[in-house]
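Visitor: File name query-v5.pdb; file contents PDB, C-alpha atoms, pLDDT in the B column; full text below.
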```pdb
ATOM      1  CA  MET A   1     105.801 123.679  42.026  1.00 54.00           C
ATOM      2  CA  PRO A   2     104.491 125.432  45.181  1.00 56.00           C
ATOM      3  CA  THR A   3     104.626 123.549  48.455  1.00 55.00           C
ATOM      4  CA  THR A   4     101.542 122.960  50.596  1.00 57.00           C
ATOM      5  CA  ARG A   5     103.493 122.594  53.843  1.00 69.00           C
ATOM      6  CA  SER A   6     102.419 124.995  56.547  1.00 78.00           C
ATOM      7  CA  LYS A   7     104.762 127.053  58.638  1.00 89.00           C
ATOM      8  CA  PRO A   8     106.211 125.287  61.678  1.00 91.00           C
ATOM      9  CA  PRO A   9     105.027 126.143  65.202  1.00 93.00           C
ATOM     10  CA  VAL A  10     106.481 129.294  66.749  1.00 94.00           C
ATOM     11  CA  SER A  11     107.821 127.156  69.606  1.00 94.00           C
ATOM     12  CA  ALA A  12     107.303 123.820  71.316  1.00 94.00           C
ATOM     13  CA  ILE A  13     104.938 125.521  73.780  1.00 96.00           C
ATOM     14  CA  THR A  14     102.715 127.055  71.116  1.00 96.00           C
ATOM     15  CA  GLY A  15     102.647 123.699  69.343  1.00 96.00           C
ATOM     16  CA  GLU A  16     101.604 121.902  72.516  1.00 97.00           C
ATOM     17  CA  PHE A  17      98.977 124.518  73.354  1.00 97.00           C
ATOM     18  CA  GLY A  18      97.544 124.173  69.850  1.00 97.00           C
ATOM     19  CA  ARG A  19      97.452 120.394  70.180  1.00 97.00           C
ATOM     20  CA  ARG A  20      95.503 120.740  73.437  1.00 97.00           C
ATOM     21  CA  VAL A  21      93.048 123.191  71.871  1.00 98.00           C
ATOM     22  CA  ARG A  22      92.512 120.827  68.939  1.00 98.00           C
ATOM     23  CA  LEU A  23      91.941 117.835  71.260  1.00 97.00           C
ATOM     24  CA  HIS A  24      89.388 119.749  73.342  1.00 97.00           C
ATOM     25  CA  SER A  25      87.663 120.941  70.176  1.00 98.00           C
ATOM     26  CA  GLU A  26      87.449 117.399  68.849  1.00 98.00           C
ATOM     27  CA  GLU A  27      86.031 116.159  72.172  1.00 97.00           C
ATOM     28  CA  LEU A  28      83.284 118.797  71.918  1.00 97.00           C
ATOM     29  CA  GLU A  29      82.886 118.136  68.169  1.00 97.00           C
ATOM     30  CA  LEU A  30      83.622 121.793  67.408  1.00 98.00           C
ATOM     31  CA  SER A  31      84.942 122.940  64.063  1.00 97.00           C
ATOM     32  CA  GLN A  32      87.462 125.770  63.942  1.00 97.00           C
ATOM     33  CA  GLU A  33      84.633 128.006  62.772  1.00 97.00           C
ATOM     34  CA  LYS A  34      82.360 127.069  65.687  1.00 98.00           C
ATOM     35  CA  LEU A  35      85.132 127.479  68.273  1.00 98.00           C
ATOM     36  CA  ALA A  36      86.050 130.843  66.773  1.00 98.00           C
ATOM     37  CA  GLU A  37      82.434 131.973  66.972  1.00 98.00           C
ATOM     38  CA  ARG A  38      82.152 130.876  70.601  1.00 98.00           C
ATOM     39  CA  ALA A  39      85.477 132.552  71.493  1.00 98.00           C
ATOM     40  CA  GLY A  40      84.837 135.770  69.553  1.00 98.00           C
ATOM     41  CA  LEU A  41      87.839 135.205  67.286  1.00 98.00           C
ATOM     42  CA  HIS A  42      88.345 134.681  63.552  1.00 98.00           C
ATOM     43  CA  TRP A  43      88.438 131.072  62.363  1.00 97.00           C
ATOM     44  CA  THR A  44      91.782 131.558  60.612  1.00 97.00           C
ATOM     45  CA  TYR A  45      93.281 132.706  63.924  1.00 98.00           C
ATOM     46  CA  VAL A  46      91.957 129.551  65.631  1.00 98.00           C
ATOM     47  CA  GLY A  47      93.545 127.460  62.864  1.00 97.00           C
ATOM     48  CA  GLN A  48      96.880 129.183  63.415  1.00 97.00           C
ATOM     49  CA  VAL A  49      96.573 128.574  67.165  1.00 98.00           C
ATOM     50  CA  GLU A  50      95.889 124.873  66.575  1.00 97.00           C
ATOM     51  CA  ARG A  51      98.998 124.659  64.366  1.00 97.00           C
ATOM     52  CA  GLY A  52     101.116 126.473  66.975  1.00 97.00           C
ATOM     53  CA  GLN A  53     101.704 129.409  64.660  1.00 97.00           C
ATOM     54  CA  ARG A  54     100.470 132.062  67.085  1.00 95.00           C
ATOM     55  CA  ASN A  55     102.013 133.309  70.311  1.00 95.00           C
ATOM     56  CA  LEU A  56      98.780 134.047  72.173  1.00 95.00           C
ATOM     57  CA  SER A  57      98.042 136.825  74.598  1.00 96.00           C
ATOM     58  CA  LEU A  58      96.557 135.936  77.968  1.00 97.00           C
ATOM     59  CA  HIS A  59      93.333 137.573  76.805  1.00 98.00           C
ATOM     60  CA  ASN A  60      93.001 135.173  73.863  1.00 98.00           C
ATOM     61  CA  ILE A  61      93.948 132.124  75.947  1.00 98.00           C
ATOM     62  CA  VAL A  62      91.020 132.941  78.227  1.00 98.00           C
ATOM     63  CA  ARG A  63      88.687 133.516  75.255  1.00 98.00           C
ATOM     64  CA  ILE A  64      89.622 130.159  73.717  1.00 98.00           C
ATOM     65  CA  ALA A  65      89.211 128.388  77.051  1.00 98.00           C
ATOM     66  CA  GLU A  66      85.743 129.920  77.427  1.00 98.00           C
ATOM     67  CA  GLY A  67      84.880 128.776  73.898  1.00 98.00           C
ATOM     68  CA  LEU A  68      85.951 125.272  74.918  1.00 98.00           C
ATOM     69  CA  GLU A  69      83.978 125.482  78.181  1.00 97.00           C
ATOM     70  CA  SER A  70      87.268 124.881  79.947  1.00 96.00           C
ATOM     71  CA  ASP A  71      89.428 126.504  82.578  1.00 96.00           C
ATOM     72  CA  PRO A  72      92.444 128.297  81.065  1.00 97.00           C
ATOM     73  CA  GLY A  73      94.656 126.589  83.636  1.00 96.00           C
ATOM     74  CA  GLU A  74      93.611 123.199  82.296  1.00 95.00           C
ATOM     75  CA  LEU A  75      94.917 124.109  78.855  1.00 95.00           C
ATOM     76  CA  LEU A  76      98.233 125.276  80.338  1.00 96.00           C
ATOM     77  CA  ARG A  77      98.737 122.730  83.130  1.00 96.00           C
ATOM     78  CA  GLY A  78     102.212 121.210  83.165  1.00 95.00           C
ATOM     79  CA  MET A  79     103.649 123.375  80.387  1.00 93.00           C
ATOM     80  CA  ARG A  80     107.234 124.497  80.880  1.00 89.00           C
ATOM     81  CA  VAL A  81     109.601 126.675  78.867  1.00 82.00           C
TER
END
```
Translate this file's structure into structure tokens.

Guide:
Amino acid sequence: MPTTRSKPPVSAITGEFGRRVRLHSEELELSQEKLAERAGLHWTYVGQVERGQRNLSLHNIVRIAEGLESDPGELLRGMRV
């Protein structure tokens, strides 16, 4: 029987970034689709970001932050390797 478990996060940092994106989205009551539209990205990409399954480029971090009406630094503050 096939499993429905998703892939694990790429790293602890991508997992934490995704958690922060999801929290901000929930605060703004944005679906993945709406955030993707606002950020100029595909909704499946946003879902992968929220699950920590994408190692984002700086360009896409800024796009997501803009979609969340947030400063990119706020999403990254305190993160360490």

Visitor: When you look at segment 13-17 of chain A with a cut-off of 6 Å (counting only C-alpha atoms), what residues show up, excluding the ones that are within fewer than 3 positions of it in the same chain? I need them as a list of chain:residue names.

Guide: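 Using only C-alpha atoms, the neighbours found are A:Pro9, A:Arg20, A:Gly52.
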
Visitor: As a check of understanding, name the residues that the PyMOL selection byres ((chain A and resi 59-62) around 9) selects in the supplied structure, as an MDAnalysis selection string.

Guide: chainID A and resid 39 41 56:58 63:67 71:72 75

Visitor: Keeping C-alpha atoms, export the residues of the selection given above as a CSV table (one decimal), in the coordinates of the input.

Guide:
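What ended up in selection_15.csv:
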```csv
chain,number,residue,atom,x,y,z
A,39,ALA,CA,85.5,132.6,71.5
A,41,LEU,CA,87.8,135.2,67.3
A,56,LEU,CA,98.8,134.0,72.2
A,57,SER,CA,98.0,136.8,74.6
A,58,LEU,CA,96.6,135.9,78.0
A,63,ARG,CA,88.7,133.5,75.3
A,64,ILE,CA,89.6,130.2,73.7
A,65,ALA,CA,89.2,128.4,77.1
A,66,GLU,CA,85.7,129.9,77.4
A,67,GLY,CA,84.9,128.8,73.9
A,71,ASP,CA,89.4,126.5,82.6
A,72,PRO,CA,92.4,128.3,81.1
A,75,LEU,CA,94.9,124.1,78.9
```

Visitor: Suppose you want the space between atom CA of Lys7 of chain A and atom CA of Arg22 of chain A; what is it in Å?

Guide: 17.2 Å

Visitor: In Å to one decimal, how far is atom CA of Arg19 of chain A from atom CA of Val49 of chain A?

Guide: 8.8 Å

Visitor: Can you sort out the box for segment 40-56 of chain A, edges along x, y and z, all listed atoms in, 3 Å on every side, with centre and edge lengths in Å to one decimal, as lines of an AutoDock Vina configuration file?

Guide:
```
center_x = 93.4
center_y = 130.2
center_z = 66.4
size_x = 23.2
size_y = 17.1
size_z = 17.6
```

Visitor: Would you kindly identify which residues have an atom no farther than 12 Å from (94.0, 133.0, 63.1), using only C-alpha atoms and the file's own coordinates, and write them out as a VMD selection string?

Guide: chain A and resid 18 32 to 33 35 to 36 39 to 56 60 64

Visitor: Just to confirm, what's the straight-line distance from atom CA of Met79 of chain A to atom CA of Ser6 of chain A in Å (one decimal)?

Guide: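 Rounded to one decimal, the two atoms are 23.9 Å apart.
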